[in-house]
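Here's coords20.txt, which has compact mmCIF, all heavy atoms:
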```txt
# COMPACT_ATOMS: atom_id res chain seq x y z
N MET V 1 -36.56 222.94 97.75
CA MET V 1 -37.65 223.82 98.06
C MET V 1 -38.46 223.20 99.18
O MET V 1 -38.85 222.05 99.11
CB MET V 1 -38.51 224.00 96.82
CG MET V 1 -39.71 224.84 97.04
SD MET V 1 -40.59 225.04 95.48
CE MET V 1 -42.17 224.51 95.99
N ALA V 2 -38.68 223.91 100.26
CA ALA V 2 -39.48 223.43 101.39
C ALA V 2 -40.61 224.43 101.65
O ALA V 2 -40.43 225.63 101.53
CB ALA V 2 -38.62 223.28 102.63
N TRP V 3 -41.75 223.90 101.99
CA TRP V 3 -42.91 224.73 102.31
C TRP V 3 -43.35 224.36 103.71
O TRP V 3 -43.67 223.19 103.98
CB TRP V 3 -44.03 224.48 101.30
CG TRP V 3 -45.31 225.14 101.65
CD1 TRP V 3 -45.56 226.47 101.65
CD2 TRP V 3 -46.52 224.50 102.04
NE1 TRP V 3 -46.85 226.71 102.01
CE2 TRP V 3 -47.47 225.50 102.26
CE3 TRP V 3 -46.90 223.19 102.23
CZ2 TRP V 3 -48.76 225.23 102.67
CZ3 TRP V 3 -48.19 222.91 102.64
CH2 TRP V 3 -49.10 223.93 102.85
N HIS V 4 -43.35 225.29 104.63
CA HIS V 4 -43.71 225.01 106.02
C HIS V 4 -45.23 225.00 106.16
O HIS V 4 -45.88 226.04 106.21
CB HIS V 4 -43.09 226.06 106.96
CG HIS V 4 -41.61 225.93 107.04
ND1 HIS V 4 -40.99 225.09 107.92
CD2 HIS V 4 -40.62 226.50 106.32
CE1 HIS V 4 -39.69 225.16 107.76
NE2 HIS V 4 -39.43 226.02 106.78
N ALA V 5 -45.79 223.79 106.20
CA ALA V 5 -47.24 223.63 106.33
C ALA V 5 -47.69 224.00 107.74
O ALA V 5 -48.73 224.62 107.93
CB ALA V 5 -47.64 222.20 106.01
N THR V 6 -46.89 223.63 108.74
CA THR V 6 -47.14 224.00 110.14
C THR V 6 -45.79 224.36 110.74
O THR V 6 -44.78 224.40 110.04
CB THR V 6 -47.77 222.82 110.93
OG1 THR V 6 -46.81 221.77 111.03
CG2 THR V 6 -49.03 222.30 110.27
N ASP V 7 -45.75 224.61 112.04
CA ASP V 7 -44.48 224.92 112.70
C ASP V 7 -43.53 223.73 112.71
O ASP V 7 -42.33 223.91 112.79
CB ASP V 7 -44.73 225.36 114.15
CG ASP V 7 -45.39 226.73 114.23
OD1 ASP V 7 -45.35 227.45 113.21
OD2 ASP V 7 -45.93 227.05 115.30
N ARG V 8 -44.04 222.51 112.63
CA ARG V 8 -43.21 221.32 112.73
C ARG V 8 -43.05 220.53 111.43
O ARG V 8 -42.14 219.74 111.30
CB ARG V 8 -43.78 220.38 113.79
CG ARG V 8 -43.70 220.93 115.18
CD ARG V 8 -44.03 219.85 116.18
NE ARG V 8 -43.82 220.30 117.53
CZ ARG V 8 -42.70 220.11 118.20
NH1 ARG V 8 -41.70 219.51 117.65
NH2 ARG V 8 -42.59 220.56 119.43
N TRP V 9 -43.92 220.69 110.45
CA TRP V 9 -43.91 219.87 109.24
C TRP V 9 -43.65 220.73 108.00
O TRP V 9 -44.22 221.80 107.85
CB TRP V 9 -45.26 219.17 109.06
CG TRP V 9 -45.61 218.28 110.20
CD1 TRP V 9 -46.33 218.64 111.30
CD2 TRP V 9 -45.25 216.94 110.38
NE1 TRP V 9 -46.44 217.58 112.16
CE2 TRP V 9 -45.79 216.51 111.61
CE3 TRP V 9 -44.53 216.02 109.63
CZ2 TRP V 9 -45.62 215.23 112.09
CZ3 TRP V 9 -44.38 214.74 110.12
CH2 TRP V 9 -44.90 214.35 111.32
N ALA V 10 -42.79 220.23 107.12
CA ALA V 10 -42.49 220.95 105.88
C ALA V 10 -42.26 219.94 104.76
O ALA V 10 -41.27 219.22 104.77
CB ALA V 10 -41.26 221.83 106.05
N PRO V 11 -43.19 219.83 103.80
CA PRO V 11 -42.94 218.98 102.64
C PRO V 11 -41.82 219.57 101.78
O PRO V 11 -41.66 220.79 101.69
CB PRO V 11 -44.26 218.98 101.87
CG PRO V 11 -45.22 219.76 102.67
CD PRO V 11 -44.51 220.42 103.78
N ILE V 12 -41.01 218.70 101.16
CA ILE V 12 -39.86 219.11 100.39
C ILE V 12 -39.90 218.45 99.02
O ILE V 12 -40.28 217.28 98.91
CB ILE V 12 -38.55 218.70 101.08
CG1 ILE V 12 -38.47 219.33 102.46
CG2 ILE V 12 -37.34 219.05 100.27
CD1 ILE V 12 -37.34 218.78 103.27
N ALA V 13 -39.51 219.17 97.97
CA ALA V 13 -39.39 218.60 96.63
C ALA V 13 -38.14 219.18 95.97
O ALA V 13 -37.80 220.34 96.20
CB ALA V 13 -40.62 218.91 95.80
N SER V 14 -37.47 218.37 95.17
CA SER V 14 -36.27 218.83 94.48
C SER V 14 -36.15 218.12 93.13
O SER V 14 -36.42 216.93 93.03
CB SER V 14 -35.04 218.53 95.32
OG SER V 14 -33.87 218.88 94.62
N VAL V 15 -35.74 218.86 92.11
CA VAL V 15 -35.46 218.30 90.78
C VAL V 15 -34.14 218.90 90.32
O VAL V 15 -33.94 220.11 90.41
CB VAL V 15 -36.58 218.62 89.77
CG1 VAL V 15 -36.22 218.11 88.40
CG2 VAL V 15 -37.90 218.05 90.22
N GLN V 16 -33.24 218.04 89.85
CA GLN V 16 -31.94 218.49 89.37
C GLN V 16 -31.66 217.88 88.01
O GLN V 16 -31.97 216.73 87.77
CB GLN V 16 -30.83 218.07 90.33
CG GLN V 16 -30.97 218.63 91.72
CD GLN V 16 -29.93 218.05 92.67
OE1 GLN V 16 -29.31 217.03 92.39
NE2 GLN V 16 -29.75 218.71 93.78
N ALA V 17 -31.08 218.67 87.12
CA ALA V 17 -30.61 218.17 85.83
C ALA V 17 -29.08 218.17 85.88
O ALA V 17 -28.48 219.15 86.30
CB ALA V 17 -31.11 219.04 84.69
N LEU V 18 -28.48 217.07 85.47
CA LEU V 18 -27.04 216.92 85.55
C LEU V 18 -26.47 216.68 84.16
O LEU V 18 -27.04 215.94 83.37
CB LEU V 18 -26.69 215.72 86.45
CG LEU V 18 -27.39 215.70 87.81
CD1 LEU V 18 -27.24 214.34 88.46
CD2 LEU V 18 -26.81 216.77 88.69
N ALA V 19 -25.36 217.31 83.86
CA ALA V 19 -24.67 217.12 82.58
C ALA V 19 -23.21 216.82 82.88
O ALA V 19 -22.48 217.70 83.36
CB ALA V 19 -24.80 218.35 81.71
N PRO V 20 -22.75 215.59 82.65
CA PRO V 20 -21.36 215.26 82.94
C PRO V 20 -20.41 216.00 81.99
O PRO V 20 -20.74 216.31 80.85
CB PRO V 20 -21.28 213.75 82.72
CG PRO V 20 -22.42 213.43 81.81
CD PRO V 20 -23.48 214.45 82.10
N LEU V 21 -19.21 216.29 82.47
CA LEU V 21 -18.22 216.98 81.66
C LEU V 21 -17.57 216.06 80.64
O LEU V 21 -17.02 216.51 79.65
CB LEU V 21 -17.15 217.61 82.56
CG LEU V 21 -17.68 218.67 83.52
CD1 LEU V 21 -16.57 219.14 84.44
CD2 LEU V 21 -18.29 219.83 82.76
N ARG V 22 -17.62 214.76 80.90
CA ARG V 22 -17.09 213.78 79.95
C ARG V 22 -17.88 212.49 80.09
O ARG V 22 -18.54 212.25 81.09
CB ARG V 22 -15.61 213.55 80.16
CG ARG V 22 -15.26 212.95 81.51
CD ARG V 22 -13.81 212.62 81.61
NE ARG V 22 -13.54 211.36 80.95
CZ ARG V 22 -12.57 210.54 81.27
NH1 ARG V 22 -11.75 210.85 82.23
NH2 ARG V 22 -12.39 209.41 80.63
N ASP V 23 -17.83 211.66 79.07
CA ASP V 23 -18.51 210.36 79.11
C ASP V 23 -17.68 209.39 79.94
O ASP V 23 -16.45 209.39 79.88
CB ASP V 23 -18.67 209.79 77.70
CG ASP V 23 -19.65 210.59 76.87
OD1 ASP V 23 -20.53 211.23 77.47
OD2 ASP V 23 -19.53 210.56 75.63
N TRP V 24 -18.37 208.59 80.74
CA TRP V 24 -17.72 207.56 81.53
C TRP V 24 -18.29 206.22 81.13
O TRP V 24 -19.49 206.09 80.86
CB TRP V 24 -17.96 207.78 83.02
CG TRP V 24 -17.29 209.00 83.57
CD1 TRP V 24 -17.82 210.25 83.64
CD2 TRP V 24 -15.99 209.08 84.11
NE1 TRP V 24 -16.93 211.12 84.19
CE2 TRP V 24 -15.78 210.42 84.50
CE3 TRP V 24 -14.96 208.17 84.31
CZ2 TRP V 24 -14.60 210.85 85.07
CZ3 TRP V 24 -13.79 208.62 84.89
CH2 TRP V 24 -13.62 209.94 85.26
N SER V 25 -17.47 205.19 81.13
CA SER V 25 -17.95 203.84 80.90
C SER V 25 -17.34 202.94 81.97
O SER V 25 -16.23 203.18 82.45
CB SER V 25 -17.59 203.34 79.50
OG SER V 25 -16.20 203.31 79.33
N PHE V 26 -18.10 201.94 82.38
CA PHE V 26 -17.70 201.07 83.47
C PHE V 26 -17.75 199.62 83.01
O PHE V 26 -18.65 199.22 82.28
CB PHE V 26 -18.63 201.26 84.68
CG PHE V 26 -18.64 202.67 85.20
CD1 PHE V 26 -19.58 203.57 84.73
CD2 PHE V 26 -17.71 203.08 86.12
CE1 PHE V 26 -19.60 204.87 85.20
CE2 PHE V 26 -17.72 204.38 86.59
CZ PHE V 26 -18.67 205.28 86.13
N SER V 27 -16.79 198.83 83.47
CA SER V 27 -16.78 197.40 83.21
C SER V 27 -16.38 196.69 84.49
O SER V 27 -15.92 197.31 85.45
CB SER V 27 -15.82 197.06 82.07
OG SER V 27 -14.52 197.48 82.42
N VAL V 28 -16.54 195.35 84.50
CA VAL V 28 -16.24 194.57 85.69
C VAL V 28 -15.18 193.53 85.36
O VAL V 28 -15.39 192.67 84.50
CB VAL V 28 -17.51 193.87 86.22
CG1 VAL V 28 -17.18 192.98 87.40
CG2 VAL V 28 -18.55 194.90 86.60
N GLY V 29 -14.04 193.63 86.04
CA GLY V 29 -12.98 192.64 85.93
C GLY V 29 -12.67 192.23 84.50
O GLY V 29 -12.45 193.05 83.63
N SER V 30 -12.68 190.92 84.27
CA SER V 30 -12.33 190.39 82.94
C SER V 30 -13.56 190.11 82.08
O SER V 30 -13.44 189.50 81.03
CB SER V 30 -11.51 189.11 83.11
OG SER V 30 -12.29 188.14 83.78
N VAL V 31 -14.74 190.55 82.52
CA VAL V 31 -15.96 190.35 81.74
C VAL V 31 -15.88 191.24 80.50
O VAL V 31 -15.65 192.45 80.61
CB VAL V 31 -17.22 190.69 82.57
CG1 VAL V 31 -18.47 190.56 81.74
CG2 VAL V 31 -17.28 189.83 83.81
N PRO V 32 -16.05 190.69 79.31
CA PRO V 32 -15.94 191.51 78.11
C PRO V 32 -17.12 192.46 77.95
O PRO V 32 -18.23 192.19 78.40
CB PRO V 32 -15.93 190.47 76.97
CG PRO V 32 -16.60 189.28 77.54
CD PRO V 32 -16.31 189.28 79.02
N GLY V 33 -16.87 193.59 77.34
CA GLY V 33 -17.93 194.56 77.07
C GLY V 33 -18.06 195.60 78.16
O GLY V 33 -17.44 195.52 79.22
N THR V 34 -18.91 196.57 77.90
CA THR V 34 -19.16 197.67 78.83
C THR V 34 -20.38 197.36 79.66
O THR V 34 -21.43 197.00 79.13
CB THR V 34 -19.37 198.98 78.04
OG1 THR V 34 -18.22 199.23 77.25
CG2 THR V 34 -19.62 200.14 78.97
N LEU V 35 -20.26 197.50 80.98
CA LEU V 35 -21.38 197.26 81.88
C LEU V 35 -22.35 198.44 81.87
O LEU V 35 -23.56 198.27 81.81
CB LEU V 35 -20.86 197.02 83.30
CG LEU V 35 -21.90 196.81 84.38
CD1 LEU V 35 -22.63 195.51 84.13
CD2 LEU V 35 -21.25 196.80 85.75
N HIS V 36 -21.81 199.66 81.91
CA HIS V 36 -22.66 200.86 81.94
C HIS V 36 -21.90 202.02 81.31
O HIS V 36 -20.69 202.17 81.49
CB HIS V 36 -23.03 201.22 83.38
CG HIS V 36 -23.81 202.49 83.50
ND1 HIS V 36 -25.13 202.58 83.13
CD2 HIS V 36 -23.46 203.72 83.94
CE1 HIS V 36 -25.55 203.82 83.34
NE2 HIS V 36 -24.56 204.52 83.83
N ARG V 37 -22.60 202.87 80.58
CA ARG V 37 -22.02 204.09 80.01
C ARG V 37 -22.94 205.25 80.37
O ARG V 37 -24.16 205.16 80.22
CB ARG V 37 -21.91 203.97 78.49
CG ARG V 37 -21.33 205.22 77.86
CD ARG V 37 -20.95 205.01 76.43
NE ARG V 37 -19.80 204.11 76.44
CZ ARG V 37 -19.52 203.25 75.47
NH1 ARG V 37 -20.30 203.16 74.43
NH2 ARG V 37 -18.47 202.48 75.55
N THR V 38 -22.36 206.34 80.85
CA THR V 38 -23.17 207.49 81.24
C THR V 38 -23.77 208.16 80.01
O THR V 38 -23.19 208.13 78.93
CB THR V 38 -22.34 208.53 82.02
OG1 THR V 38 -21.27 208.97 81.19
CG2 THR V 38 -21.79 207.97 83.30
N GLY V 39 -24.92 208.77 80.21
CA GLY V 39 -25.60 209.47 79.13
C GLY V 39 -25.22 210.95 79.12
O GLY V 39 -24.52 211.43 80.01
N PRO V 40 -25.70 211.70 78.14
CA PRO V 40 -25.36 213.11 78.05
C PRO V 40 -26.05 213.97 79.12
O PRO V 40 -25.50 214.98 79.55
CB PRO V 40 -25.82 213.51 76.65
CG PRO V 40 -26.86 212.51 76.29
CD PRO V 40 -26.49 211.25 77.01
N ILE V 41 -27.23 213.56 79.56
CA ILE V 41 -27.98 214.32 80.57
C ILE V 41 -28.66 213.34 81.51
O ILE V 41 -29.19 212.32 81.07
CB ILE V 41 -29.03 215.24 79.93
CG1 ILE V 41 -28.35 216.29 79.06
CG2 ILE V 41 -29.89 215.92 80.98
CD1 ILE V 41 -29.30 217.19 78.32
N ALA V 42 -28.67 213.66 82.79
CA ALA V 42 -29.37 212.85 83.79
C ALA V 42 -30.29 213.75 84.59
O ALA V 42 -30.04 214.94 84.75
CB ALA V 42 -28.37 212.17 84.71
N VAL V 43 -31.39 213.19 85.08
CA VAL V 43 -32.34 213.93 85.91
C VAL V 43 -32.49 213.20 87.23
O VAL V 43 -32.61 211.98 87.26
CB VAL V 43 -33.71 214.06 85.20
CG1 VAL V 43 -34.71 214.74 86.11
CG2 VAL V 43 -33.55 214.84 83.91
N ARG V 44 -32.44 213.95 88.32
CA ARG V 44 -32.61 213.37 89.65
C ARG V 44 -33.71 214.15 90.35
O ARG V 44 -33.71 215.38 90.35
CB ARG V 44 -31.29 213.48 90.41
CG ARG V 44 -31.36 212.97 91.80
CD ARG V 44 -30.01 212.89 92.47
NE ARG V 44 -29.16 214.05 92.23
CZ ARG V 44 -27.86 214.06 92.49
NH1 ARG V 44 -27.26 213.00 92.94
NH2 ARG V 44 -27.16 215.16 92.27
N ALA V 45 -34.66 213.45 90.96
CA ALA V 45 -35.77 214.10 91.66
C ALA V 45 -36.06 213.35 92.96
O ALA V 45 -35.85 212.15 93.05
CB ALA V 45 -37.02 214.12 90.79
N TRP V 46 -36.51 214.08 93.96
CA TRP V 46 -36.91 213.45 95.20
C TRP V 46 -37.92 214.31 95.93
O TRP V 46 -38.01 215.51 95.71
CB TRP V 46 -35.72 213.13 96.10
CG TRP V 46 -34.85 214.29 96.50
CD1 TRP V 46 -33.80 214.78 95.83
CD2 TRP V 46 -35.00 215.11 97.66
NE1 TRP V 46 -33.25 215.85 96.50
CE2 TRP V 46 -33.97 216.07 97.62
CE3 TRP V 46 -35.88 215.13 98.73
CZ2 TRP V 46 -33.82 217.03 98.61
CZ3 TRP V 46 -35.73 216.08 99.71
CH2 TRP V 46 -34.70 217.01 99.64
N VAL V 47 -38.70 213.68 96.78
CA VAL V 47 -39.65 214.37 97.65
C VAL V 47 -39.45 213.84 99.05
O VAL V 47 -38.98 212.73 99.25
CB VAL V 47 -41.12 214.16 97.20
CG1 VAL V 47 -41.37 214.81 95.86
CG2 VAL V 47 -41.48 212.71 97.16
N GLY V 48 -39.79 214.64 100.03
CA GLY V 48 -39.60 214.23 101.41
C GLY V 48 -40.41 215.07 102.37
O GLY V 48 -41.24 215.89 101.97
N LEU V 49 -40.15 214.87 103.64
CA LEU V 49 -40.88 215.57 104.69
C LEU V 49 -39.89 215.96 105.77
O LEU V 49 -39.18 215.10 106.32
CB LEU V 49 -41.97 214.67 105.28
CG LEU V 49 -42.85 215.28 106.34
CD1 LEU V 49 -43.69 216.40 105.77
CD2 LEU V 49 -43.75 214.21 106.92
N GLU V 50 -39.78 217.25 106.07
CA GLU V 50 -38.95 217.73 107.17
C GLU V 50 -39.79 217.77 108.44
O GLU V 50 -40.94 218.20 108.40
CB GLU V 50 -38.46 219.15 106.91
CG GLU V 50 -37.23 219.26 106.12
CD GLU V 50 -36.73 220.70 106.04
OE1 GLU V 50 -37.22 221.57 106.80
OE2 GLU V 50 -35.86 220.95 105.19
N ILE V 51 -39.19 217.32 109.53
CA ILE V 51 -39.85 217.41 110.84
C ILE V 51 -38.98 218.26 111.74
O ILE V 51 -37.83 217.93 111.99
CB ILE V 51 -40.06 216.00 111.45
CG1 ILE V 51 -40.89 215.13 110.52
CG2 ILE V 51 -40.72 216.12 112.82
CD1 ILE V 51 -40.94 213.69 110.93
N HIS V 52 -39.50 219.37 112.19
CA HIS V 52 -38.75 220.29 113.06
C HIS V 52 -39.12 219.99 114.51
O HIS V 52 -40.29 220.09 114.88
CB HIS V 52 -39.10 221.75 112.72
CG HIS V 52 -38.73 222.12 111.33
ND1 HIS V 52 -37.53 222.69 111.00
CD2 HIS V 52 -39.39 221.96 110.15
CE1 HIS V 52 -37.46 222.89 109.71
NE2 HIS V 52 -38.59 222.45 109.16
N LEU V 53 -38.13 219.62 115.29
CA LEU V 53 -38.37 219.28 116.69
C LEU V 53 -38.14 220.46 117.60
O LEU V 53 -37.47 221.38 117.32
CB LEU V 53 -37.46 218.12 117.11
CG LEU V 53 -37.62 216.86 116.26
CD1 LEU V 53 -36.59 215.83 116.67
CD2 LEU V 53 -39.02 216.31 116.40
```
Could you express the structure from this file as structure tokens?
Amino acid sequence: MAWHATDRWAPIASVQALAPLRDWSFSVGSVPGTLHRTGPIAVRAWVGLEIHL
């Protein structure tokens, strides 16, 4: 979503919810155990500024 504050500047915000289709787990080489396991739901958000030249 972007809102044009002026002809050149537009603040931007975004929020996304993600749901993986399957669980993933990650490990490193011969290190025992799981390094990371994905959760059932993840949320990603960001804000920014568009500059139109």
**OP:** State, in Å with one decimal place, the distance from atom O of V:Ser14 to atom O of V:Gly48.
**Re:** 10.2 Å
**OP:** Grab the atom CA of V:Glu50 to atom CB of V:Ala19 distance for me, in Å with one decimal place.
**Re:**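 So the answer is 29.1 Å.
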**OP:** Enumerate, as a list in words, the complete set of residues in chain V that a backbone-based DSSP assignment places in strand (DSSP E or B).
**Re:** Ala2, Trp9, Ala10, Pro11, Ile12, Ala13, Ser14, Val15, Gln16, Ala17, Leu18, Ser25, Phe26, His36, Arg37, Ala42, Val43, Arg44, Ala45, Trp46, Val47, Gly48, Leu49, Glu50 and Ile51 of chain V
Return as lines of an AutoDock Vina configuration file the box centre and box size in Å, one decimal, for an axis-aligned box around all listed atoms of stretch 44-49 of chain V padded by 5 Å per side.
```
center_x = -35.5
center_y = 214.6
center_z = 97.6
size_x = 26.6
size_y = 14.9
size_z = 28.6
```
Write out as a compact mmCIF listing (two decimals) with all heavy atoms, in the frame of the given file which residues come within 6 Å of V:Phe26 when counting all heavy atoms, dropping same-chain ones fewer than 3 positions away.
```txt
# COMPACT_ATOMS: atom_id res chain seq x y z
N GLY V 33 -16.87 193.59 77.34
CA GLY V 33 -17.93 194.56 77.07
C GLY V 33 -18.06 195.60 78.16
O GLY V 33 -17.44 195.52 79.22
N THR V 34 -18.91 196.57 77.90
CA THR V 34 -19.16 197.67 78.83
C THR V 34 -20.38 197.36 79.66
O THR V 34 -21.43 197.00 79.13
CB THR V 34 -19.37 198.98 78.04
OG1 THR V 34 -18.22 199.23 77.25
CG2 THR V 34 -19.62 200.14 78.97
N LEU V 35 -20.26 197.50 80.98
CA LEU V 35 -21.38 197.26 81.88
C LEU V 35 -22.35 198.44 81.87
O LEU V 35 -23.56 198.27 81.81
CB LEU V 35 -20.86 197.02 83.30
CG LEU V 35 -21.90 196.81 84.38
CD1 LEU V 35 -22.63 195.51 84.13
CD2 LEU V 35 -21.25 196.80 85.75
N HIS V 36 -21.81 199.66 81.91
CA HIS V 36 -22.66 200.86 81.94
C HIS V 36 -21.90 202.02 81.31
O HIS V 36 -20.69 202.17 81.49
CB HIS V 36 -23.03 201.22 83.38
CG HIS V 36 -23.81 202.49 83.50
ND1 HIS V 36 -25.13 202.58 83.13
CD2 HIS V 36 -23.46 203.72 83.94
CE1 HIS V 36 -25.55 203.82 83.34
NE2 HIS V 36 -24.56 204.52 83.83
N ARG V 37 -22.60 202.87 80.58
CA ARG V 37 -22.02 204.09 80.01
C ARG V 37 -22.94 205.25 80.37
O ARG V 37 -24.16 205.16 80.22
CB ARG V 37 -21.91 203.97 78.49
CG ARG V 37 -21.33 205.22 77.86
CD ARG V 37 -20.95 205.01 76.43
NE ARG V 37 -19.80 204.11 76.44
CZ ARG V 37 -19.52 203.25 75.47
NH1 ARG V 37 -20.30 203.16 74.43
NH2 ARG V 37 -18.47 202.48 75.55
N THR V 38 -22.36 206.34 80.85
CA THR V 38 -23.17 207.49 81.24
C THR V 38 -23.77 208.16 80.01
O THR V 38 -23.19 208.13 78.93
CB THR V 38 -22.34 208.53 82.02
OG1 THR V 38 -21.27 208.97 81.19
CG2 THR V 38 -21.79 207.97 83.30
```
Original post:
Which value, in Å to one decimal, gives the distance between atom CD of V:Arg22 and atom C of V:Ile41?
Top reply: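 These atoms are spaced 14.9 Å apart.
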Original post:
Hey, which of V:Val47, V:Met1, V:Leu53, V:Pro40 ends up closest to V:Leu21? Count only C-alpha atoms.
Top reply: V:Pro40
**OP:** Scan for residues within 12 Å of the point (-36.8, 218.4, 117.1) in the coordinates of the file, using only C-alpha atoms, and reply as number ranges by chain.
**Re:** V: 7-9, 50-53
Original post:
Taking into account all atoms listed in the file, which residue in the set V:Leu49, V:Val43, V:Trp3, V:Val31 is nearest to V:Gln16?
Top reply: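 Closest candidate: V:Val43.
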